[in-house]
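These notes are about the structure you will find just below.
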Amino acid sequence: MSLLRPLLLDVVPTIQPTAALALSRLANYNDELAEAVVNGDILPQFVYSLAKQYRFYKKAAAFVLWAVAKHSPELAQAVVDCGALDALVVSLEEFDPGVKEAAAWALGYIARHNAHKSTPWALCRNAHKSTP
């Protein structure tokens with residue numbers, strides 16, 4: 001991961017999304033590599049790039065977030081903790097359908113891993129616990 005991180009900031013625009021795609025493919029392979037992406041503190045850079053970069057990089061950044069979030073609830077929570085939810089929701093309004101698709105997949109995996117927190121039964125149970 002440390003070898004790919006400088007490529008994310010390369011001055012050649014085509015290098016940046018290529019490095020991001022390489023990271024997404026590594027993170028997609030297994031949960032250990034996805035954890036390495038999280039531990040490398042790279043996720044906030046991808047969240048920032050969803051709002052500031054051009055469409056090819058946005059698509060690659062959303063794929064990285066999707067590849068990390070798909071493995072486990074803990075990794076999905078790491079994506080949420082780095083502030084990705086707002087950026088992913090805004091990405092749903094992008095013109096490029098590839099960016100929309102990647103953002104939708106990432107949000108879907110985050111919701112899937114956190115489904116137990118958003119069911120009506122869980123909401124009622126939590127409301128019941130908080131009443132005196």
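Just remember, in the structure tokens the first chain shown is A, the second B, etc., residues are 1-based per chain, and ligands are 1-based in the order shown.
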Ala87 (chain A): which residues within 8 Å, counting only C-alpha atoms, same-chain residues fewer than 4 positions away excluded, as an mmCIF file with all heavy atoms, in the first residue's frame?
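part05.cif was written with the following content:
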data_model
loop_
_atom_site.group_PDB
_atom_site.id
_atom_site.type_symbol
_atom_site.label_atom_id
_atom_site.label_comp_id
_atom_site.auth_asym_id
_atom_site.auth_seq_id
_atom_site.Cartn_x
_atom_site.Cartn_y
_atom_site.Cartn_z
ATOM 1 N N VAL A 47 -12.373 10.053 0.093
ATOM 2 C CA VAL A 47 -13.593 10.810 0.411
ATOM 3 C C VAL A 47 -13.459 12.237 -0.104
ATOM 4 O O VAL A 47 -14.378 12.779 -0.733
ATOM 5 C CB VAL A 47 -13.869 10.781 1.925
ATOM 6 C CG1 VAL A 47 -14.999 11.721 2.291
ATOM 7 C CG2 VAL A 47 -14.171 9.365 2.372
ATOM 8 N N TYR A 48 -12.311 12.834 0.117
ATOM 9 C CA TYR A 48 -12.061 14.192 -0.360
ATOM 10 C C TYR A 48 -12.126 14.239 -1.886
ATOM 11 O O TYR A 48 -12.673 15.163 -2.470
ATOM 12 C CB TYR A 48 -10.704 14.673 0.138
ATOM 13 C CG TYR A 48 -10.296 16.006 -0.416
ATOM 14 C CD1 TYR A 48 -10.826 17.184 0.098
ATOM 15 C CD2 TYR A 48 -9.380 16.109 -1.461
ATOM 16 C CE1 TYR A 48 -10.462 18.414 -0.413
ATOM 17 C CE2 TYR A 48 -9.010 17.326 -1.980
ATOM 18 C CZ TYR A 48 -9.549 18.473 -1.455
ATOM 19 O OH TYR A 48 -9.196 19.696 -1.974
ATOM 20 N N LEU A 50 -13.850 12.481 -3.910
ATOM 21 C CA LEU A 50 -15.198 12.345 -4.465
ATOM 22 C C LEU A 50 -15.824 13.707 -4.748
ATOM 23 O O LEU A 50 -16.653 13.841 -5.647
ATOM 24 C CB LEU A 50 -16.096 11.547 -3.521
ATOM 25 C CG LEU A 50 -15.905 10.039 -3.545
ATOM 26 C CD1 LEU A 50 -16.727 9.386 -2.445
ATOM 27 C CD2 LEU A 50 -16.268 9.453 -4.891
ATOM 28 N N ALA A 51 -15.420 14.711 -4.024
ATOM 29 C CA ALA A 51 -15.976 16.042 -4.228
ATOM 30 C C ALA A 51 -15.101 16.920 -5.123
ATOM 31 O O ALA A 51 -15.600 17.841 -5.763
ATOM 32 C CB ALA A 51 -16.172 16.734 -2.879
ATOM 33 N N GLY A 83 -16.086 9.648 6.979
ATOM 34 C CA GLY A 83 -16.947 10.681 6.422
ATOM 35 C C GLY A 83 -17.431 10.412 5.011
ATOM 36 O O GLY A 83 -17.799 11.338 4.282
ATOM 37 N N SER A 91 -22.444 11.856 -4.632
ATOM 38 C CA SER A 91 -21.991 11.210 -5.870
ATOM 39 C C SER A 91 -23.134 10.546 -6.630
ATOM 40 O O SER A 91 -23.017 10.287 -7.825
ATOM 41 C CB SER A 91 -20.913 10.168 -5.557
ATOM 42 O OG SER A 91 -19.771 10.794 -5.050
#
Counting only C-alpha atoms, give me one row per residue of region 81-119 of chain A with an atom at most 12 Å from an atom of region 53-56 of chain A, showing the shortest contact pair and its distance in Å to one decimal, sorted by chain then residue number, as CSV.
residue,atom,partner,partner_atom,distance
A:Ser91,CA,A:Arg55,CA,10.0
A:Glu94,CA,A:Arg55,CA,8.5
A:Phe95,CA,A:Arg55,CA,8.7
A:Asp96,CA,A:Arg55,CA,6.9
A:Pro97,CA,A:Arg55,CA,9.8
A:Gly98,CA,A:Arg55,CA,8.5
A:Val99,CA,A:Arg55,CA,6.9
A:Lys100,CA,A:Arg55,CA,10.2
A:Ala102,CA,A:Phe56,CA,11.3
**Q.** Who sits within 7 Å of region 17-22 of chain A, only C-alpha atoms, same chain under 3 positions skipped, as an MDAnalysis selection string
**A.** chainID A and resid 4 7:8 14 25:26 56:57 60:61 64
Q | Coordinates-based distance that separates CA of Arg5 (chain A) from CA of Trp105 (chain A) (Å, one decimal) | A |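 So the answer is 23.6 Å.
Between CA of Asp81 (chain A) and CA of Ala36 (chain A) the separation is 15.9 Å.
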Q. Can you list, as a PyMOL selection string, every residue of chain A that DSSP puts in helix (DSSP H, G or I)?
A. chain A and resi 5-9+15-29+31-39+43-52+55-69+73-81+84-91+97-113+115-118+120-130
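Distance annotation: of A:Gly40, A:Leu92, A:Ile15, A:Ala27, the residue with the minimal separation from Ser2 (chain A) is A:Gly40; atom set is only C-alpha atoms.
Of note, CA of Ser72 (chain A) and CA of Asn28 (chain A) are spaced 11.8 Å apart.
Between Lys59 (chain A) and the candidates A:Tyr109, A:Val80, A:Val12, A:Ala103, the tightest atom-to-atom separation, counting only C-alpha atoms, involves A:Ala103.
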